[in-house]
$ cat final.json   # JSON, C-alpha atoms
[["chain", "number", "residue", "atom", "x", "y", "z"],
["M", 538, "MET", "CA", 0.00, 0.00, 0.00],
["M", 539, "THR", "CA", 1.39, 3.41, -0.95],
["M", 540, "ILE", "CA", 1.09, 6.69, 0.87],
["M", 541, "PHE", "CA", -1.32, 7.85, -1.80],
["M", 542, "ASP", "CA", -3.68, 4.90, -1.20],
["M", 543, "GLY", "CA", -3.74, 5.67, 2.52],
["M", 544, "MET", "CA", -4.47, 9.33, 1.86],
["M", 545, "ARG", "CA", -7.29, 8.38, -0.53],
["M", 546, "ARG", "CA", -8.91, 6.34, 2.21],
["M", 547, "VAL", "CA", -8.59, 9.18, 4.72],
["M", 548, "VAL", "CA", -10.12, 11.61, 2.23],
["M", 549, "ALA", "CA", -12.97, 9.18, 1.51],
["M", 550, "VAL", "CA", -13.71, 8.89, 5.25],
["M", 551, "LEU", "CA", -13.54, 12.68, 5.68],
["M", 552, "SER", "CA", -15.89, 13.12, 2.70],
["M", 553, "CYS", "CA", -18.41, 10.72, 4.24],
["M", 554, "ILE", "CA", -18.19, 12.55, 7.57],
["M", 555, "ALA", "CA", -18.75, 15.90, 5.81],
["M", 556, "VAL", "CA", -21.84, 14.57, 3.99],
["M", 557, "ILE", "CA", -23.29, 13.08, 7.20],
["M", 558, "ALA", "CA", -22.57, 16.28, 9.17],
["M", 559, "ALA", "CA", -24.21, 18.47, 6.51],
["M", 560, "ALA", "CA", -27.27, 16.18, 6.42],
["M", 561, "ALA", "CA", -27.56, 16.31, 10.22],
["M", 562, "VAL", "CA", -27.29, 20.11, 10.28],
["M", 563, "ILE", "CA", -29.89, 20.51, 7.52],
["M", 564, "TRP", "CA", -32.25, 18.04, 9.20],
["M", 565, "ASN", "CA", -32.01, 19.71, 12.63],
["M", 566, "GLU", "CA", -32.14, 23.33, 11.43],
["M", 567, "LYS", "CA", -35.10, 25.21, 12.85],
["M", 568, "PRO", "CA", -36.21, 28.18, 10.76],
["M", 569, "PHE", "CA", -37.11, 31.33, 12.65],
["M", 570, "VAL", "CA", -40.20, 33.23, 11.54],
["M", 571, "GLU", "CA", -41.57, 36.22, 13.40],
["M", 572, "PHE", "CA", -44.53, 38.46, 12.76],
["M", 573, "ILE", "CA", -44.54, 41.85, 14.47],
["M", 574, "TYR", "CA", -47.81, 43.68, 15.05],
["M", 575, "GLU", "CA", -47.93, 47.26, 16.25],
["M", 576, "ILE", "CA", -50.74, 48.40, 18.55],
["M", 577, "ASP", "CA", -51.12, 52.17, 18.95],
["M", 578, "GLY", "CA", -53.50, 52.31, 21.88],
["M", 579, "VAL", "CA", -56.30, 50.55, 23.69],
["M", 580, "ASP", "CA", -58.92, 48.92, 21.44],
["M", 581, "LYS", "CA", -56.97, 49.76, 18.28],
["M", 582, "PRO", "CA", -56.36, 46.95, 15.79],
["M", 583, "PRO", "CA", -52.89, 45.46, 15.38],
["M", 584, "VAL", "CA", -51.02, 46.52, 12.25],
["M", 585, "SER", "CA", -48.27, 44.39, 10.72],
["M", 586, "VAL", "CA", -44.85, 46.09, 10.76],
["M", 587, "GLU", "CA", -41.27, 45.07, 10.00],
["M", 588, "PHE", "CA", -39.59, 46.42, 13.13],
["M", 589, "CYS", "CA", -40.31, 47.59, 16.66],
["M", 590, "GLU", "CA", -38.04, 49.58, 18.96],
["M", 591, "PHE", "CA", -38.41, 47.37, 22.02],
["M", 592, "ASN", "CA", -36.17, 49.63, 24.12],
["M", 593, "VAL", "CA", -38.80, 52.41, 23.71],
["M", 594, "HIS", "CA", -42.09, 50.58, 23.33],
["M", 595, "GLY", "CA", -43.71, 47.72, 25.21],
["M", 596, "GLY", "CA", -43.45, 44.28, 23.67],
["M", 597, "HIS", "CA", -45.01, 40.89, 24.23],
["M", 598, "SER", "CA", -43.95, 37.76, 22.33],
["M", 599, "MET", "CA", -45.74, 34.46, 22.05],
["M", 600, "ARG", "CA", -45.22, 31.19, 20.22],
["M", 601, "ARG", "CA", -47.74, 29.92, 17.74],
["M", 602, "GLU", "CA", -47.96, 26.76, 15.71],
["M", 603, "THR", "CA", -48.97, 26.05, 12.17],
["M", 604, "ASP", "CA", -51.53, 23.33, 11.56],
["M", 605, "ASP", "CA", -48.65, 20.93, 10.80],
["M", 606, "GLY", "CA", -46.94, 21.60, 14.17],
["M", 607, "ARG", "CA", -44.13, 23.97, 13.19],
["M", 608, "THR", "CA", -43.61, 26.95, 15.49],
["M", 609, "TYR", "CA", -43.21, 30.63, 14.77],
["M", 610, "ARG", "CA", -43.31, 33.75, 16.88],
["M", 611, "VAL", "CA", -45.75, 36.64, 17.06],
["M", 612, "THR", "CA", -44.63, 39.83, 18.78],
["M", 613, "LEU", "CA", -46.97, 42.60, 19.77],
["M", 614, "CYS", "CA", -45.40, 46.05, 19.93],
["M", 615, "PHE", "CA", -47.39, 48.44, 22.09],
["M", 616, "LEU", "CA", -46.45, 51.97, 21.04],
["M", 617, "ALA", "CA", -45.36, 54.32, 23.80],
["M", 618, "HIS", "CA", -46.03, 58.04, 23.60],
["M", 619, "GLU", "CA", -44.05, 60.77, 25.30],
["M", 620, "SER", "CA", -45.74, 62.32, 28.30],
["M", 621, "ALA", "CA", -45.49, 65.95, 29.43],
["M", 622, "ASP", "CA", -42.64, 65.03, 31.80],
["M", 623, "GLY", "CA", -40.68, 63.28, 29.02],
["M", 624, "ARG", "CA", -41.38, 59.66, 29.99],
["M", 625, "MET", "CA", -42.45, 57.13, 27.35],
["M", 626, "LEU", "CA", -45.83, 55.70, 28.42],
["M", 627, "VAL", "CA", -47.98, 52.91, 27.00],
["M", 628, "GLU", "CA", -51.74, 53.16, 27.12],
["M", 629, "TYR", "CA", -53.34, 50.15, 28.81],
["M", 630, "LYS", "CA", -56.69, 48.87, 30.03],
["M", 631, "ASN", "CA", -56.82, 47.07, 33.36],
["M", 632, "ALA", "CA", -59.01, 44.07, 34.23],
["M", 633, "ASP", "CA", -61.82, 46.40, 35.34],
["M", 634, "GLY", "CA", -61.85, 48.15, 31.95],
["M", 635, "LEU", "CA", -60.26, 51.40, 33.17],
["M", 636, "THR", "CA", -57.75, 53.02, 30.81],
["M", 637, "GLY", "CA", -54.45, 54.46, 31.98],
["M", 638, "ARG", "CA", -50.86, 55.11, 30.92],
["M", 639, "ASN", "CA", -47.66, 53.79, 32.45],
["M", 640, "ILE", "CA", -44.10, 52.84, 31.57],
["M", 641, "PRO", "CA", -43.77, 49.72, 29.39],
["M", 642, "ARG", "CA", -42.21, 47.60, 32.17],
["M", 643, "SER", "CA", -44.91, 48.34, 34.77],
["M", 644, "ASP", "CA", -47.05, 45.47, 36.07],
["M", 645, "GLU", "CA", -50.26, 47.03, 34.72],
["M", 646, "VAL", "CA", -48.88, 47.36, 31.19],
["M", 647, "GLN", "CA", -47.34, 43.87, 31.30],
["M", 648, "GLN", "CA", -50.68, 42.34, 32.34],
["M", 649, "TYR", "CA", -52.49, 44.29, 29.61],
["M", 650, "MET", "CA", -50.00, 43.11, 26.98],
["M", 651, "ARG", "CA", -50.38, 39.49, 28.13],
["M", 652, "ARG", "CA", -54.21, 39.69, 28.04],
["M", 653, "THR", "CA", -54.14, 41.33, 24.61],
["M", 654, "GLY", "CA", -51.83, 38.60, 23.32],
["M", 655, "GLU", "CA", -54.17, 35.88, 24.61],
["M", 656, "LEU", "CA", -57.10, 37.51, 22.80],
["M", 657, "LEU", "CA", -55.28, 37.92, 19.48],
["M", 658, "VAL", "CA", -56.50, 35.14, 17.20],
["M", 659, "GLN", "CA", -54.44, 33.45, 14.54],
["M", 660, "THR", "CA", -55.81, 34.50, 11.16],
["M", 661, "PRO", "CA", -55.77, 32.25, 8.09],
["M", 662, "ALA", "CA", -53.60, 34.83, 6.31],
["M", 663, "GLU", "CA", -51.04, 34.75, 9.15],
["M", 664, "LEU", "CA", -51.06, 30.95, 9.17],
["M", 665, "LEU", "CA", -50.54, 30.80, 5.40],
["M", 666, "ALA", "CA", -47.77, 33.41, 5.53],
["M", 667, "ALA", "CA", -46.03, 31.52, 8.36],
["M", 668, "LYS", "CA", -46.15, 28.23, 6.45],
["M", 669, "LYS", "CA", -44.82, 29.86, 3.27],
["M", 670, "GLU", "CA", -41.97, 31.57, 5.12],
["M", 671, "LEU", "CA", -41.06, 28.40, 7.04],
["M", 672, "ASP", "CA", -41.02, 26.43, 3.76],
["M", 673, "LYS", "CA", -38.93, 29.12, 2.07],
["M", 674, "GLN", "CA", -36.36, 29.13, 4.86],
["M", 675, "ARG", "CA", -36.24, 25.33, 4.95],
["M", 676, "ARG", "CA", -35.52, 25.24, 1.19],
["M", 677, "SER", "CA", -32.85, 27.90, 1.65],
["M", 678, "TYR", "CA", -31.17, 25.82, 4.38],
["M", 679, "ARG", "CA", -31.23, 22.75, 2.15],
["M", 680, "VAL", "CA", -29.70, 24.60, -0.80],
["M", 681, "THR", "CA", -27.02, 26.13, 1.43],
["M", 682, "GLY", "CA", -26.26, 22.72, 2.93],
["M", 683, "ALA", "CA", -26.04, 21.10, -0.51],
["M", 684, "ILE", "CA", -23.69, 23.83, -1.75],
["M", 685, "PHE", "CA", -21.52, 23.49, 1.36],
["M", 686, "THR", "CA", -21.38, 19.71, 0.96],
["M", 687, "LEU", "CA", -20.46, 19.95, -2.72],
["M", 688, "ALA", "CA", -17.78, 22.55, -1.91],
["M", 689, "VAL", "CA", -16.25, 20.27, 0.73],
["M", 690, "LEU", "CA", -16.30, 17.29, -1.63],
["M", 691, "LEU", "CA", -14.77, 19.41, -4.41],
["M", 692, "PHE", "CA", -12.05, 20.56, -2.00],
["M", 693, "PHE", "CA", -11.21, 16.97, -1.05],
["M", 694, "TRP", "CA", -11.22, 15.88, -4.70],
["M", 695, "LEU", "CA", -8.90, 18.75, -5.69],
["M", 696, "PHE", "CA", -6.67, 17.99, -2.71],
["M", 697, "MET", "CA", -6.35, 14.37, -3.83],
["M", 698, "GLN", "CA", -5.58, 15.42, -7.41],
["M", 699, "ILE", "CA", -2.83, 17.77, -6.23],
["M", 700, "VAL", "CA", -1.36, 15.15, -3.90],
["M", 701, "GLY", "CA", -1.51, 12.58, -6.73],
["M", 702, "VAL", "CA", 0.40, 14.89, -9.07],
["M", 703, "MET", "CA", 2.97, 15.60, -6.37],
["M", 704, "ILE", "CA", 3.48, 11.89, -5.63],
["M", 705, "ASN", "CA", 3.75, 11.03, -9.33],
["M", 706, "SER", "CA", 6.36, 13.75, -9.80],
["M", 707, "MET", "CA", 8.54, 12.35, -6.98],
["M", 708, "PRO", "CA", 9.79, 8.85, -7.80],
["M", 709, "ALA", "CA", 11.06, 8.29, -4.24],
["M", 710, "LEU", "CA", 7.52, 8.64, -2.89],
["M", 711, "ARG", "CA", 5.90, 6.66, -5.70],
["M", 712, "ASN", "CA", 7.89, 3.51, -4.96],
["M", 713, "ASN", "CA", 7.68, 3.58, -1.18],
["M", 714, "ASN", "CA", 7.08, -0.16, -0.65],
["M", 715, "PRO", "CA", 9.35, -1.43, 2.16],
["M", 716, "GLY", "CA", 9.20, -5.04, 0.92],
["M", 717, "ASP", "CA", 10.87, -4.21, -2.40],
["M", 718, "ASN", "CA", 14.11, -2.79, -0.95],
["M", 719, "LYS", "CA", 16.62, -5.69, -0.76]]

$ encode --input "final.json" --output "structure tokens"
Amino acid sequence: MTIFDGMRRVVAVLSCIAVIAAAAVIWNEKPFVEFIYEIDGVDKPPVSVEFCEFNVHGGHSMRRETDDGRTYRVTLCFLAHESADGRMLVEYKNADGLTGRNIPRSDEVQQYMRRTGELLVQTPAELLAAKKELDKQRRSYRVTGAIFTLAVLLFFWLFMQIVGVMINSMPALRNNNPGDNK
């Protein structure tokens, strides 16, 4: 057995490991989908937005599932408005139906956000959008994993070609069989 044969076996094992690792990563990848709804006051409908400044406004996140069991996140962003004294306050309604304003981290606002989140129903449009986005991300992960795997295999193949050329250009390495030297 020559050095080159041993290296070919090592590269074949490393290639198999790379393919198995890529398959495991692709299989276990969990796409992240989030819908953010902005609420600009008590009894106002949520409006879909791209971004919420959580350091300014109040926020409440909850997990939801598609009908096939995949999870995604819905975040409610409760807009805060500046008060006369410069504080950012969120309008809320307590359990008795009384409206007030307080800082986003106050207990009253946190309870209001939690209650509002529990009352927000999952719409068919949201469910469909979540499933489409989850499918899109899953396909993207698979394509990325396939490209990575092919790149690794191409690297190993090129490595073996270069090593083969080097060994063939060096006669001392090509005939490295200890049983032949007498």

$ closest_residue --input "final.json" --among "M:Glu663, M:Glu628, M:Glu602, M:Asp542" --to "Lys581 of chain M" --atoms "all atoms listed in the file"
M:Glu628

$ atom_distance --input "final.json" --atom1 "atom CA of Glu670 of chain M" --atom2 "atom CA of Glu655 of chain M"
23.4 Å

$ atom_distance --input "final.json" --atom1 "atom CA of Gly578 of chain M" --atom2 "atom CA of Ala666 of chain M"
25.6 Å

$ residues_near_point --input "final.json" --point "(-60.2, 46.4, 29.0)" --cutoff "10 Å" --atoms "only C-alpha atoms" --output "ChimeraX atom specification"
/M:579-580,629-636,649,652-653

$ write_last_selection --input "final.json" --atoms "C-alpha atoms" --output "mmCIF file, keeping the file's coordinate frame"
data_model
loop_
_atom_site.group_PDB
_atom_site.id
_atom_site.type_symbol
_atom_site.label_atom_id
_atom_site.label_comp_id
_atom_site.auth_asym_id
_atom_site.auth_seq_id
_atom_site.Cartn_x
_atom_site.Cartn_y
_atom_site.Cartn_z
ATOM 1 C CA VAL M 579 -56.300 50.550 23.690
ATOM 2 C CA ASP M 580 -58.920 48.920 21.440
ATOM 3 C CA TYR M 629 -53.340 50.150 28.810
ATOM 4 C CA LYS M 630 -56.690 48.870 30.030
ATOM 5 C CA ASN M 631 -56.820 47.070 33.360
ATOM 6 C CA ALA M 632 -59.010 44.070 34.230
ATOM 7 C CA ASP M 633 -61.820 46.400 35.340
ATOM 8 C CA GLY M 634 -61.850 48.150 31.950
ATOM 9 C CA LEU M 635 -60.260 51.400 33.170
ATOM 10 C CA THR M 636 -57.750 53.020 30.810
ATOM 11 C CA TYR M 649 -52.490 44.290 29.610
ATOM 12 C CA ARG M 652 -54.210 39.690 28.040
ATOM 13 C CA THR M 653 -54.140 41.330 24.610
#

$ atom_distance --input "final.json" --atom1 "atom CA of Pro583 of chain M" --atom2 "atom CA of Ser620 of chain M"
22.4 Å

$ closest_residue --input "final.json" --among "M:Arg546, M:Gln659, M:Thr681, M:Lys668" --to "Gly606 of chain M" --atoms "all atoms listed in the file"
M:Lys668

$ axis_aligned_box --input "final.json" --around "segment 620-630 of chain M" --padding-each-side "6 Å" --output "AutoDock Vina command-line options"
--center_x -48.7 --center_y 57.4 --center_z 29.4 --size_x 28.0 --size_y 29.1 --size_z 16.8

$ closest_residue --input "final.json" --among "M:Leu695, M:Ala667, M:Ala549, M:Ala683" --to "Pro568 of chain M" --atoms "all atoms listed in the file"
M:Ala667

$ decode --input "final.json" --residues "segment 685-699 of chain M" --atoms "all heavy atoms" --output "mmCIF file, in the first residue's frame"
data_model
loop_
_atom_site.group_PDB
_atom_site.id
_atom_site.type_symbol
_atom_site.label_atom_id
_atom_site.label_comp_id
_atom_site.auth_asym_id
_atom_site.auth_seq_id
_atom_site.Cartn_x
_atom_site.Cartn_y
_atom_site.Cartn_z
ATOM 1 N N PHE M 685 -22.637 23.704 0.441
ATOM 2 C CA PHE M 685 -21.519 23.485 1.358
ATOM 3 C C PHE M 685 -20.946 22.078 1.183
ATOM 4 O O PHE M 685 -19.735 21.892 1.111
ATOM 5 C CB PHE M 685 -21.974 23.695 2.805
ATOM 6 C CG PHE M 685 -20.945 23.297 3.819
ATOM 7 C CD1 PHE M 685 -19.866 24.117 4.079
ATOM 8 C CD2 PHE M 685 -21.034 22.089 4.494
ATOM 9 C CE1 PHE M 685 -18.896 23.756 5.001
ATOM 10 C CE2 PHE M 685 -20.076 21.715 5.417
ATOM 11 C CZ PHE M 685 -19.003 22.549 5.674
ATOM 12 N N THR M 686 -21.827 21.090 1.111
ATOM 13 C CA THR M 686 -21.377 19.706 0.956
ATOM 14 C C THR M 686 -20.614 19.529 -0.348
ATOM 15 O O THR M 686 -19.542 18.903 -0.376
ATOM 16 C CB THR M 686 -22.581 18.753 1.004
ATOM 17 O OG1 THR M 686 -23.265 18.951 2.239
ATOM 18 C CG2 THR M 686 -22.142 17.303 0.898
ATOM 19 N N LEU M 687 -21.149 20.068 -1.431
ATOM 20 C CA LEU M 687 -20.457 19.953 -2.721
ATOM 21 C C LEU M 687 -19.115 20.681 -2.689
ATOM 22 O O LEU M 687 -18.136 20.195 -3.264
ATOM 23 C CB LEU M 687 -21.338 20.494 -3.839
ATOM 24 C CG LEU M 687 -22.566 19.644 -4.159
ATOM 25 C CD1 LEU M 687 -23.437 20.339 -5.191
ATOM 26 C CD2 LEU M 687 -22.162 18.259 -4.640
ATOM 27 N N ALA M 688 -19.047 21.823 -2.012
ATOM 28 C CA ALA M 688 -17.777 22.547 -1.912
ATOM 29 C C ALA M 688 -16.741 21.736 -1.136
ATOM 30 O O ALA M 688 -15.571 21.675 -1.526
ATOM 31 C CB ALA M 688 -18.006 23.908 -1.248
ATOM 32 N N VAL M 689 -17.171 21.099 -0.058
ATOM 33 C CA VAL M 689 -16.248 20.268 0.729
ATOM 34 C C VAL M 689 -15.763 19.079 -0.104
ATOM 35 O O VAL M 689 -14.572 18.767 -0.130
ATOM 36 C CB VAL M 689 -16.913 19.793 2.041
ATOM 37 C CG1 VAL M 689 -16.109 18.696 2.714
ATOM 38 C CG2 VAL M 689 -17.085 20.972 2.989
ATOM 39 N N LEU M 690 -16.694 18.429 -0.800
ATOM 40 C CA LEU M 690 -16.301 17.294 -1.634
ATOM 41 C C LEU M 690 -15.371 17.726 -2.761
ATOM 42 O O LEU M 690 -14.393 17.026 -3.081
ATOM 43 C CB LEU M 690 -17.547 16.598 -2.196
ATOM 44 C CG LEU M 690 -18.431 15.904 -1.156
ATOM 45 C CD1 LEU M 690 -19.689 15.366 -1.815
ATOM 46 C CD2 LEU M 690 -17.673 14.802 -0.444
ATOM 47 N N LEU M 691 -15.646 18.887 -3.364
ATOM 48 C CA LEU M 691 -14.769 19.407 -4.415
ATOM 49 C C LEU M 691 -13.393 19.717 -3.846
ATOM 50 O O LEU M 691 -12.373 19.402 -4.484
ATOM 51 C CB LEU M 691 -15.376 20.663 -5.039
ATOM 52 C CG LEU M 691 -14.532 21.334 -6.114
ATOM 53 C CD1 LEU M 691 -14.373 20.402 -7.320
ATOM 54 C CD2 LEU M 691 -15.151 22.647 -6.536
ATOM 55 N N PHE M 692 -13.339 20.289 -2.638
ATOM 56 C CA PHE M 692 -12.052 20.562 -2.003
ATOM 57 C C PHE M 692 -11.254 19.275 -1.804
ATOM 58 O O PHE M 692 -10.074 19.212 -2.122
ATOM 59 C CB PHE M 692 -12.262 21.274 -0.660
ATOM 60 C CG PHE M 692 -11.010 21.353 0.166
ATOM 61 C CD1 PHE M 692 -10.038 22.288 -0.121
ATOM 62 C CD2 PHE M 692 -10.796 20.469 1.227
ATOM 63 C CE1 PHE M 692 -8.872 22.362 0.635
ATOM 64 C CE2 PHE M 692 -9.640 20.534 1.982
ATOM 65 C CZ PHE M 692 -8.677 21.477 1.685
ATOM 66 N N PHE M 693 -11.903 18.234 -1.268
ATOM 67 C CA PHE M 693 -11.206 16.970 -1.049
ATOM 68 C C PHE M 693 -10.748 16.354 -2.372
ATOM 69 O O PHE M 693 -9.654 15.804 -2.465
ATOM 70 C CB PHE M 693 -12.091 15.985 -0.279
ATOM 71 C CG PHE M 693 -12.223 16.301 1.188
ATOM 72 C CD1 PHE M 693 -13.429 16.118 1.834
ATOM 73 C CD2 PHE M 693 -11.158 16.779 1.927
ATOM 74 C CE1 PHE M 693 -13.567 16.399 3.184
ATOM 75 C CE2 PHE M 693 -11.280 17.062 3.275
ATOM 76 C CZ PHE M 693 -12.491 16.876 3.903
ATOM 77 N N TRP M 694 -11.585 16.442 -3.394
ATOM 78 C CA TRP M 694 -11.217 15.877 -4.697
ATOM 79 C C TRP M 694 -10.014 16.623 -5.270
ATOM 80 O O TRP M 694 -9.068 15.993 -5.752
ATOM 81 C CB TRP M 694 -12.409 15.956 -5.654
ATOM 82 C CG TRP M 694 -12.103 15.396 -7.002
ATOM 83 C CD1 TRP M 694 -12.082 14.083 -7.361
ATOM 84 C CD2 TRP M 694 -11.744 16.145 -8.169
ATOM 85 N NE1 TRP M 694 -11.739 13.961 -8.684
ATOM 86 C CE2 TRP M 694 -11.529 15.223 -9.202
ATOM 87 C CE3 TRP M 694 -11.599 17.491 -8.438
ATOM 88 C CZ2 TRP M 694 -11.174 15.601 -10.486
ATOM 89 C CZ3 TRP M 694 -11.242 17.885 -9.713
ATOM 90 C CH2 TRP M 694 -11.033 16.942 -10.716
ATOM 91 N N LEU M 695 -10.040 17.977 -5.204
ATOM 92 C CA LEU M 695 -8.896 18.746 -5.691
ATOM 93 C C LEU M 695 -7.643 18.453 -4.869
ATOM 94 O O LEU M 695 -6.538 18.343 -5.424
ATOM 95 C CB LEU M 695 -9.210 20.247 -5.644
ATOM 96 C CG LEU M 695 -10.165 20.769 -6.707
ATOM 97 C CD1 LEU M 695 -10.524 22.221 -6.421
ATOM 98 C CD2 LEU M 695 -9.564 20.619 -8.082
ATOM 99 N N PHE M 696 -7.802 18.316 -3.572
ATOM 100 C CA PHE M 696 -6.670 17.990 -2.711
ATOM 101 C C PHE M 696 -6.040 16.665 -3.150
ATOM 102 O O PHE M 696 -4.817 16.553 -3.259
ATOM 103 C CB PHE M 696 -7.138 17.918 -1.255
ATOM 104 C CG PHE M 696 -6.062 17.493 -0.299
ATOM 105 C CD1 PHE M 696 -5.063 18.363 0.080
ATOM 106 C CD2 PHE M 696 -6.056 16.202 0.229
ATOM 107 C CE1 PHE M 696 -4.069 17.975 0.960
ATOM 108 C CE2 PHE M 696 -5.074 15.809 1.114
ATOM 109 C CZ PHE M 696 -4.077 16.691 1.477
ATOM 110 N N MET M 697 -6.879 15.678 -3.409
ATOM 111 C CA MET M 697 -6.354 14.375 -3.834
ATOM 112 C C MET M 697 -5.684 14.463 -5.207
ATOM 113 O O MET M 697 -4.669 13.800 -5.448
ATOM 114 C CB MET M 697 -7.458 13.327 -3.856
ATOM 115 C CG MET M 697 -7.884 12.875 -2.476
ATOM 116 S SD MET M 697 -6.499 12.386 -1.423
ATOM 117 C CE MET M 697 -5.727 11.119 -2.361
ATOM 118 N N GLN M 698 -6.210 15.260 -6.099
ATOM 119 C CA GLN M 698 -5.584 15.424 -7.411
ATOM 120 C C GLN M 698 -4.208 16.062 -7.280
ATOM 121 O O GLN M 698 -3.241 15.626 -7.918
ATOM 122 C CB GLN M 698 -6.482 16.271 -8.335
ATOM 123 C CG GLN M 698 -7.814 15.641 -8.651
ATOM 124 C CD GLN M 698 -7.669 14.273 -9.284
ATOM 125 O OE1 GLN M 698 -6.857 14.053 -10.177
ATOM 126 N NE2 GLN M 698 -8.453 13.325 -8.797
ATOM 127 N N ILE M 699 -4.117 17.089 -6.430
ATOM 128 C CA ILE M 699 -2.833 17.770 -6.232
ATOM 129 C C ILE M 699 -1.825 16.833 -5.571
ATOM 130 O O ILE M 699 -0.664 16.755 -5.990
ATOM 131 C CB ILE M 699 -3.030 19.056 -5.402
ATOM 132 C CG1 ILE M 699 -3.809 20.077 -6.220
ATOM 133 C CG2 ILE M 699 -1.700 19.632 -4.938
ATOM 134 C CD1 ILE M 699 -4.296 21.272 -5.435
#
